[in-house]
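All remarks here apply to the structure that follows.
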Amino acid sequence: MRRPVLLLALVLVSLLGAMAAMPLLEQPPARTATPAAAGEFNELRARAQLATILGDQQPHPADSGASDGVLSRLIGQIRQLGLQPIVRDQFACNTLYKQRGVSCARVRNVVARLGPATGKALLLNAHYDSTPVGPAAADDGIGVATLLEVARNLQQRQPRRPVILLFNEGEELGLIGARAFLADPLSKNVDALINLEARGVTGPVNMFETSRPNGAPITLFANEVKRPVANSLSTDVYRLMPNYTDVNSFAERGWLTLNLAPIGNETRYHSPGDTIAALDPATLKHIGDQTLALATALANGTPATNAGDRIFMDVASRALIDLPLIAGVVLLAILLIAFAVLAIRRGGLARGSVTIVGTMLGASLLAWLLLELIGLVRPGMFWRAHPLWTHLTVYAATMLVGTSLLATVGGGMDRTRLRPVFWFIFVILGGAIGLFAPGGIIFFLFPPLIVLAGAATRRWSPAAERVASLVAIAFLYLTWGGMLGLLQELLNVGPMWIFALLGSLLILPVLVEARPLIANAGVRLSTTIPAVLSLLGIAGILSTPAYSADRQQRFVIQQVTQMPGGKSWWSILNDGAPLPKAMPGRWKRGTLPISDRQRWLSDAPTDPILQAPGVQLLSQSPVGNGRALTLRLTANGNERMEISAPADAQILSAGVDGFIMPIDQSASGKYSISCVGRSCDGAVLRVTLAQAKPVEFTLLGTRPLSPAAAPLLAARPAFARPQYSRDEAITFTRRRL
Ligand SMILES: [Zn+2]
């Protein structure tokens with residue numbers, strides 16, 4: 001074979017290897033063989049304490065029998081540190097963020113204090129409750145373990161300011177413990193918060209949220225954290241997502257805030273797989289070191305208020321670059337003008353743009369098409385256990401479209417003309433992303449700046465621009481590539497074609513530099529190489545199992561019963577893949593009267609023990625044009641109760657005395673008021689509506705499955721488990737009020 005072809009093959013294979021290695025750019029530091037010295041965060045001791053607290057690792061949602069045990073063992077561990085735990089036992093409600101709802105439960109927050117008795121305080125927060133689905137060793141056991149170990153170290157460091165440890169209950173139900181703490185007089189003295197969360201069990205710990213403006217927390221983070229993993233694109237995108245943590249409730253106080261969480265392997269999150277054994281000690285060490293460093297600084301004083309907003313990103317978790325947002329915007333504008341001038345002066349802007357933009361769009365389309373075709377033979381999330389093969393296929397397909405267009409449409413253009421066109425479009429994209437996520441600008445400044453510096457010195461050294469381009473690509477890889485590696489974890493449920501678009505920003509500048517090789521190899525040979533790589537990727541997808549012991553399929557088995565009448569369905573929520581042949585029943589895809597979500601359904605026998613929860617109307621009084629209702633809940637054997645109302649019900653507020661919470665009217669959809677735990681039976685709720693006409697409420701209750709479900713549970717595939725919802729019996733009825 002001719003030399004350019006071999007060289008091109010080498011470039012493309014290396015590039016694909018580099019794309020595969022992106023997740024390695026952002027990893028928690030390797031743990032040392034020697035145990036942590038005194039005064040350091042000891043992740044093994046923290047994990048052992050967590051194992052003691054979780055005991056037999058049962059789910060322990062708020063106000064359940066299992067949570068009583070976790071609570072008493074947690075108190076024991078706090079006492080062993082020489083601290084005096086205070087338990088605040090409250091029946092509280094909180095408004096649900098970004099949706100129309102209120103959630104209530106009895107929560108028992110555990111508070112412990114260290115340092116001086118008076119003065120402004122640092123709050124360290126984690127929640128000890130779990131979802132009903134799993135043991136929650138990471139979510140948020142990692143936070144509980146970290147708080148205990150950080151407290152041990154802080155005591156030796158004798159902080160100058162009070163430090164409050166809050167182990168809250170009810171986060172999973174709607175941040176109820178955080179809301180209850182805001183009613184606590186202790187919260188009045190807080191001026192800084194470190195919140196610890198989890199959305200996975202492995203990988204690096206991301207600092208994904210701060211108070212706004214972020215100048216002060218970012219300066220602190222940059223100064224104190226040795227192995228930072230954070231960027232202002234993800235903090236901005238997080239704000240646009242429907243996710244929330246305790247920080248949403250605390251935000252109204254305006255405390256200086258840093259929010260940390262690992263995101264590696266979401267397949268175990270909110271599932272029985274979130275176990276101590278699955279929790280990576282390196283991840284625990286990473287969150288512990290960061291929390292200890294930040295807490296030590298904040299326990300000795302808050303940084304001078306720095307009002308400005310900053311944009312920031314880590315460089316392969318070795319350094320944090322940060323600059324004022326306004327400086328980023330100005331720099332981006334300068335780059336935009338400079339590359340526009342350069343691209344126009346060198347010529348070929350139209351042809352180059354078709355090549356570059358065509359690759360981005362064409363690659364997205366090709367990746368989508370390939371994955372759809374694979375989905376025909378491999379239904380469900382075929383990438384769940386081994387996502388690498390799907391990523392490789394998508395990136396190889398991107399190279400295929402890129403080399404095709406560079407060899408044809410861009411055929412008449414050499415690199416000196418293609419380069420400014422690519423970076424011009426790159427900077428435009430940065431501006432477009434900046435419109436909805438200004439923090440994203442940070443990723444679009446330095447690589448083009450380096451290329452521009454090379455272009456400026458070209459008249460003295462012809463090779464300068466080429467060298468600068470390679471340096472820019474290396475920098476782009478360390479930053480954009482590192483971020484993409486994390487994004488692959490975050491978007492692990494898809495859509496996977498999106499990585500063609502995002503990856504093309506890394507692949508295209510390499511192909512532009514390889515343009516002479518592509519020209520020499522010709523269209524046929526230069527497209528054959530990435531085509532073969534794509535086929536190898538597809539072969540990898542088709543020959544690896546979709547699920548593994550570690551990364552299992554989501555598979556929730558429920559019995560849903562409508563009252564009165566007792567019409568009952570078996571329901572299975574999974575990724576859409578066909579059910580195993582052994583699953584008893586006649587299964588069809590469909591929806592239920594209580595949910596529009598597509599699922600597998602089969603008729604179920606009526607179970608006489610099942611009863612929907614009840615409400616008793618204690619009183620009703622007019623308020624303005626609407627009315628106020630006082631309701632008493634009756635559990636009828638249910639552990640969780642939900643009262644929902646259609647979108648036109650105009651419910652203004654709901655809750656219990658002391659915690660009547662407004663409902664976010666800017667959100668859309670149906671209204672819901674829920675109560676979880678033993679204390680809900682007999683609880684008195686107050687609900688205010690803006691209108692007088694009767695409303696048809698849906699009363700829904702959940703409890704564990706009956707023994708009738710045993711054959712279904714036995715037929716569940718080996719590598720499948722419930723996630724996000726537990727296996728349970730759901731009973732519902734309608735009631736006009
Ligand atoms: Zn959590």
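Lettering and numbering for the structure tokens are positional, with chains as A, B, ... in the shown order, residues counted from 1 in each chain, and ligands counted from 1 in the shown order.
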
Protein and nucleic residues near ligand 1, 7 Å, only C-alpha atoms and all ligand atoms, as a ChimeraX atom specification: /A:127,139-140,171-172,197-198,245

Please produce an output containing N, CA, C and O atoms for each residue in the selection, written as a CSV table (one decimal), in the first residue's frame.
chain,number,residue,atom,x,y,z
A,127,HIS,N,-28.0,13.7,52.5
A,127,HIS,CA,-29.2,13.1,53.0
A,127,HIS,C,-29.0,11.6,53.3
A,127,HIS,O,-28.2,10.9,52.6
A,139,ASP,N,-25.9,7.2,46.7
A,139,ASP,CA,-26.9,8.3,46.8
A,139,ASP,C,-27.7,8.2,48.0
A,139,ASP,O,-28.8,7.5,48.0
A,140,ASP,N,-27.4,8.7,49.2
A,140,ASP,CA,-26.3,9.6,49.3
A,140,ASP,C,-25.4,9.2,50.4
A,140,ASP,O,-24.9,10.0,51.2
A,171,GLU,N,-34.9,13.7,51.3
A,171,GLU,CA,-34.5,14.4,50.1
A,171,GLU,C,-35.1,13.7,48.9
A,171,GLU,O,-35.6,14.4,47.9
A,172,GLU,N,-35.2,12.4,48.9
A,172,GLU,CA,-35.7,11.7,47.7
A,172,GLU,C,-37.2,11.9,47.5
A,172,GLU,O,-37.7,11.6,46.4
A,197,GLU,N,-23.9,15.0,46.9
A,197,GLU,CA,-24.9,14.2,46.2
A,197,GLU,C,-24.3,13.1,45.4
A,197,GLU,O,-23.0,13.0,45.3
A,198,ALA,N,-25.1,12.3,44.7
A,198,ALA,CA,-24.5,11.3,43.8
A,198,ALA,C,-25.6,10.9,42.7
A,198,ALA,O,-26.8,10.9,43.0
A,245,THR,N,-31.5,19.1,43.6
A,245,THR,CA,-31.0,18.6,44.9
A,245,THR,C,-31.4,19.5,46.0
A,245,THR,O,-32.0,20.6,45.7

12 Å contact set for Asp184 (chain A), only C-alpha atoms, chain neighbours under 3 positions out, as a PyMOL selection string: chain A and resi 86-90+92+109-111+166+177-181+187-190+658

Atoms kept (N, CA and C atoms) for selection, written as a short mmCIF file (atom, residue, chain, number, x, y, z; two decimals), in the first residue's frame:
data_model
loop_
_atom_site.label_atom_id
_atom_site.label_comp_id
_atom_site.auth_asym_id
_atom_site.auth_seq_id
_atom_site.Cartn_x
_atom_site.Cartn_y
_atom_site.Cartn_z
N ILE A 86 -28.32 16.08 67.40
CA ILE A 86 -29.66 16.55 67.76
C ILE A 86 -30.59 16.03 66.67
N VAL A 87 -31.70 15.38 67.05
CA VAL A 87 -32.66 14.90 66.06
C VAL A 87 -33.86 15.84 66.04
N ARG A 88 -34.16 16.39 64.88
CA ARG A 88 -35.33 17.26 64.72
C ARG A 88 -36.41 16.43 64.03
N ASP A 89 -37.46 16.11 64.76
CA ASP A 89 -38.52 15.25 64.25
C ASP A 89 -39.69 16.13 63.82
N GLN A 90 -39.90 16.25 62.51
CA GLN A 90 -40.93 17.17 62.00
C GLN A 90 -41.78 16.51 60.93
N ALA A 92 -43.29 17.57 57.68
CA ALA A 92 -43.07 18.76 56.84
C ALA A 92 -43.45 18.48 55.40
N ASN A 109 -34.36 14.99 60.76
CA ASN A 109 -33.03 15.52 60.44
C ASN A 109 -32.11 15.33 61.64
N VAL A 110 -30.86 14.97 61.34
CA VAL A 110 -29.87 14.86 62.40
C VAL A 110 -28.86 15.99 62.21
N VAL A 111 -28.69 16.79 63.26
CA VAL A 111 -27.78 17.93 63.20
C VAL A 111 -26.68 17.73 64.22
N LEU A 166 -25.43 18.53 58.63
CA LEU A 166 -26.85 18.19 58.51
C LEU A 166 -26.98 16.88 57.74
N GLY A 177 -36.39 17.25 53.93
CA GLY A 177 -35.49 17.52 55.06
C GLY A 177 -34.84 18.89 54.95
N ALA A 178 -34.47 19.28 53.74
CA ALA A 178 -33.86 20.60 53.53
C ALA A 178 -34.87 21.69 53.89
N ARG A 179 -36.12 21.50 53.49
CA ARG A 179 -37.17 22.48 53.81
C ARG A 179 -37.37 22.54 55.32
N ALA A 180 -37.39 21.39 55.96
CA ALA A 180 -37.58 21.36 57.42
C ALA A 180 -36.42 22.09 58.11
N PHE A 181 -35.20 21.95 57.60
CA PHE A 181 -34.05 22.62 58.21
C PHE A 181 -34.16 24.14 58.11
N SER A 187 -30.51 27.41 61.12
CA SER A 187 -30.24 27.78 59.72
C SER A 187 -30.03 29.28 59.56
N LYS A 188 -30.47 30.06 60.56
CA LYS A 188 -30.36 31.52 60.44
C LYS A 188 -28.91 31.99 60.39
N ASN A 189 -28.00 31.24 61.01
CA ASN A 189 -26.61 31.69 61.08
C ASN A 189 -25.74 31.19 59.93
N VAL A 190 -26.31 30.35 59.06
CA VAL A 190 -25.50 29.77 57.98
C VAL A 190 -25.20 30.83 56.92
N GLY A 658 -47.79 24.78 59.27
CA GLY A 658 -46.36 25.07 59.42
C GLY A 658 -45.61 24.90 58.11
#

Near-region 596-605 of chain A list (7 Å; only C-alpha atoms; drop same-chain fewer than 6 positions) as a ChimeraX atom specification: /A:568-573,585-590

At most 12 Å is the cut-off: for each residue in region 25-102 of chain A with any atom that close to an atom of region 113-117 of chain A, write down the nearest atom pair and the distance in Å rounded to one decimal, counting only C-alpha atoms, chain first then increasing number, as JSON lines.
{"residue": "A:Ile78", "atom": "CA", "partner": "A:Arg113", "partner_atom": "CA", "distance": 10.4}
{"residue": "A:Arg79", "atom": "CA", "partner": "A:Arg113", "partner_atom": "CA", "distance": 11.6}
{"residue": "A:Leu81", "atom": "CA", "partner": "A:Leu114", "partner_atom": "CA", "distance": 10.6}
{"residue": "A:Gly82", "atom": "CA", "partner": "A:Leu114", "partner_atom": "CA", "distance": 9.8}
{"residue": "A:Leu83", "atom": "CA", "partner": "A:Arg113", "partner_atom": "CA", "distance": 7.1}
{"residue": "A:Gln84", "atom": "CA", "partner": "A:Arg113", "partner_atom": "CA", "distance": 7.4}
{"residue": "A:Pro85", "atom": "CA", "partner": "A:Arg113", "partner_atom": "CA", "distance": 7.9}
{"residue": "A:Ile86", "atom": "CA", "partner": "A:Arg113", "partner_atom": "CA", "distance": 9.0}

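Using only C-alpha atoms, the shortest contact distance between Leu371 (chain A) and any of A:Ile53, A:Val394, A:Leu689, A:Met22 is found at A:Val394.
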
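Rounded to one decimal, CA of Leu12 (chain A) and CA of Thr393 (chain A) lie 13.0 Å from each other.
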
Show me, as a CSV table (one decimal) with N, CA and C atoms, in the first residue's frame, the residues that have an atom within 12 Å of Leu15 (chain A) when counting only C-alpha atoms, minus same-chain residues fewer than 2 positions from it.
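The file below, selection15.csv, is the result:
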chain,number,residue,atom,x,y,z
A,8,LEU,N,-2.5,7.7,6.7
A,8,LEU,CA,-3.8,8.1,6.9
A,8,LEU,C,-4.5,7.1,7.9
A,9,ALA,N,-4.3,5.8,7.6
A,9,ALA,CA,-4.8,4.8,8.4
A,9,ALA,C,-4.3,4.9,9.9
A,10,LEU,N,-3.1,5.2,10.0
A,10,LEU,CA,-2.5,5.4,11.3
A,10,LEU,C,-3.1,6.6,12.0
A,11,VAL,N,-3.3,7.7,11.3
A,11,VAL,CA,-3.9,8.9,11.9
A,11,VAL,C,-5.4,8.6,12.4
A,12,LEU,N,-6.1,7.9,11.5
A,12,LEU,CA,-7.5,7.7,11.8
A,12,LEU,C,-7.7,6.7,13.0
A,13,VAL,N,-6.9,5.6,13.0
A,13,VAL,CA,-6.9,4.6,14.1
A,13,VAL,C,-6.5,5.3,15.4
A,17,GLY,N,-8.7,5.8,18.7
A,17,GLY,CA,-8.2,5.4,20.0
A,17,GLY,C,-8.3,6.5,21.0
A,18,ALA,N,-7.9,7.7,20.6
A,18,ALA,CA,-8.0,8.9,21.5
A,18,ALA,C,-9.4,9.2,21.9
A,19,MET,N,-10.3,9.0,20.9
A,19,MET,CA,-11.8,9.2,21.3
A,19,MET,C,-12.2,8.2,22.3
A,20,ALA,N,-11.7,7.0,22.1
A,20,ALA,CA,-12.1,5.9,23.1
A,20,ALA,C,-11.6,6.2,24.5
A,21,ALA,N,-10.4,6.9,24.5
A,21,ALA,CA,-9.7,7.1,25.8
A,21,ALA,C,-10.2,8.4,26.5
A,22,MET,N,-11.1,9.1,25.9
A,22,MET,CA,-11.6,10.4,26.5
A,22,MET,C,-12.0,10.3,28.0
A,392,LEU,N,-17.6,4.2,19.6
A,392,LEU,CA,-16.6,4.0,18.5
A,392,LEU,C,-17.3,4.0,17.2
A,395,TYR,N,-18.2,7.6,16.3
A,395,TYR,CA,-17.1,8.5,16.0
A,395,TYR,C,-16.5,8.0,14.6
A,396,ALA,N,-16.4,6.7,14.4
A,396,ALA,CA,-15.9,6.2,13.1
A,396,ALA,C,-16.8,6.7,11.9
A,398,THR,N,-18.5,9.4,11.9
A,398,THR,CA,-18.2,10.8,11.8
A,398,THR,C,-17.0,11.0,10.9
A,399,MET,N,-16.0,10.2,11.1
A,399,MET,CA,-14.8,10.2,10.3
A,399,MET,C,-15.1,9.9,8.8
A,473,ILE,N,-5.3,21.5,18.8
A,473,ILE,CA,-6.0,20.2,18.8
A,473,ILE,C,-5.7,19.4,20.1
A,474,ALA,N,-4.5,19.5,20.6
A,474,ALA,CA,-4.1,18.8,21.8
A,474,ALA,C,-4.9,19.4,23.0
A,477,TYR,N,-8.5,18.5,22.8
A,477,TYR,CA,-8.7,17.1,23.3
A,477,TYR,C,-8.7,17.1,24.8
A,481,GLY,N,-12.5,17.2,25.0
A,481,GLY,CA,-12.5,15.7,25.0
A,481,GLY,C,-12.8,15.2,26.4
A,503,GLY,N,-18.7,15.1,18.8
A,503,GLY,CA,-17.4,14.6,18.5
A,503,GLY,C,-16.8,15.2,17.3
A,504,SER,N,-17.6,15.6,16.4
A,504,SER,CA,-17.1,16.2,15.1
A,504,SER,C,-16.2,17.4,15.4
A,506,LEU,N,-14.0,17.6,17.5
A,506,LEU,CA,-12.6,17.1,17.8
A,506,LEU,C,-12.1,16.4,16.6
A,507,ILE,N,-12.9,15.7,15.8
A,507,ILE,CA,-12.5,14.9,14.7
A,507,ILE,C,-12.1,15.8,13.5
A,508,LEU,N,-13.0,16.8,13.3
A,508,LEU,CA,-12.8,17.7,12.1
A,508,LEU,C,-11.4,18.4,12.0
A,509,PRO,N,-11.0,19.0,13.1
A,509,PRO,CA,-9.7,19.7,13.0
A,509,PRO,C,-8.5,18.7,12.7
A,510,VAL,N,-8.6,17.5,13.1
A,510,VAL,CA,-7.6,16.5,12.8
A,510,VAL,C,-7.7,16.1,11.4
A,511,LEU,N,-8.9,15.9,10.8
A,511,LEU,CA,-9.1,15.6,9.4
A,511,LEU,C,-8.6,16.7,8.5
A,514,ALA,N,-5.0,16.4,8.3
A,514,ALA,CA,-4.7,15.2,7.5
A,514,ALA,C,-5.1,15.3,6.1
A,530,PRO,N,-12.2,4.6,7.3
A,530,PRO,CA,-13.2,4.8,8.4
A,530,PRO,C,-14.5,3.9,8.2
A,533,LEU,N,-13.6,0.8,10.0
A,533,LEU,CA,-13.6,1.1,11.4
A,533,LEU,C,-15.1,1.1,11.9

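CA of Ala38 (chain A) sits 23.9 Å away from CA of Ala126 (chain A).
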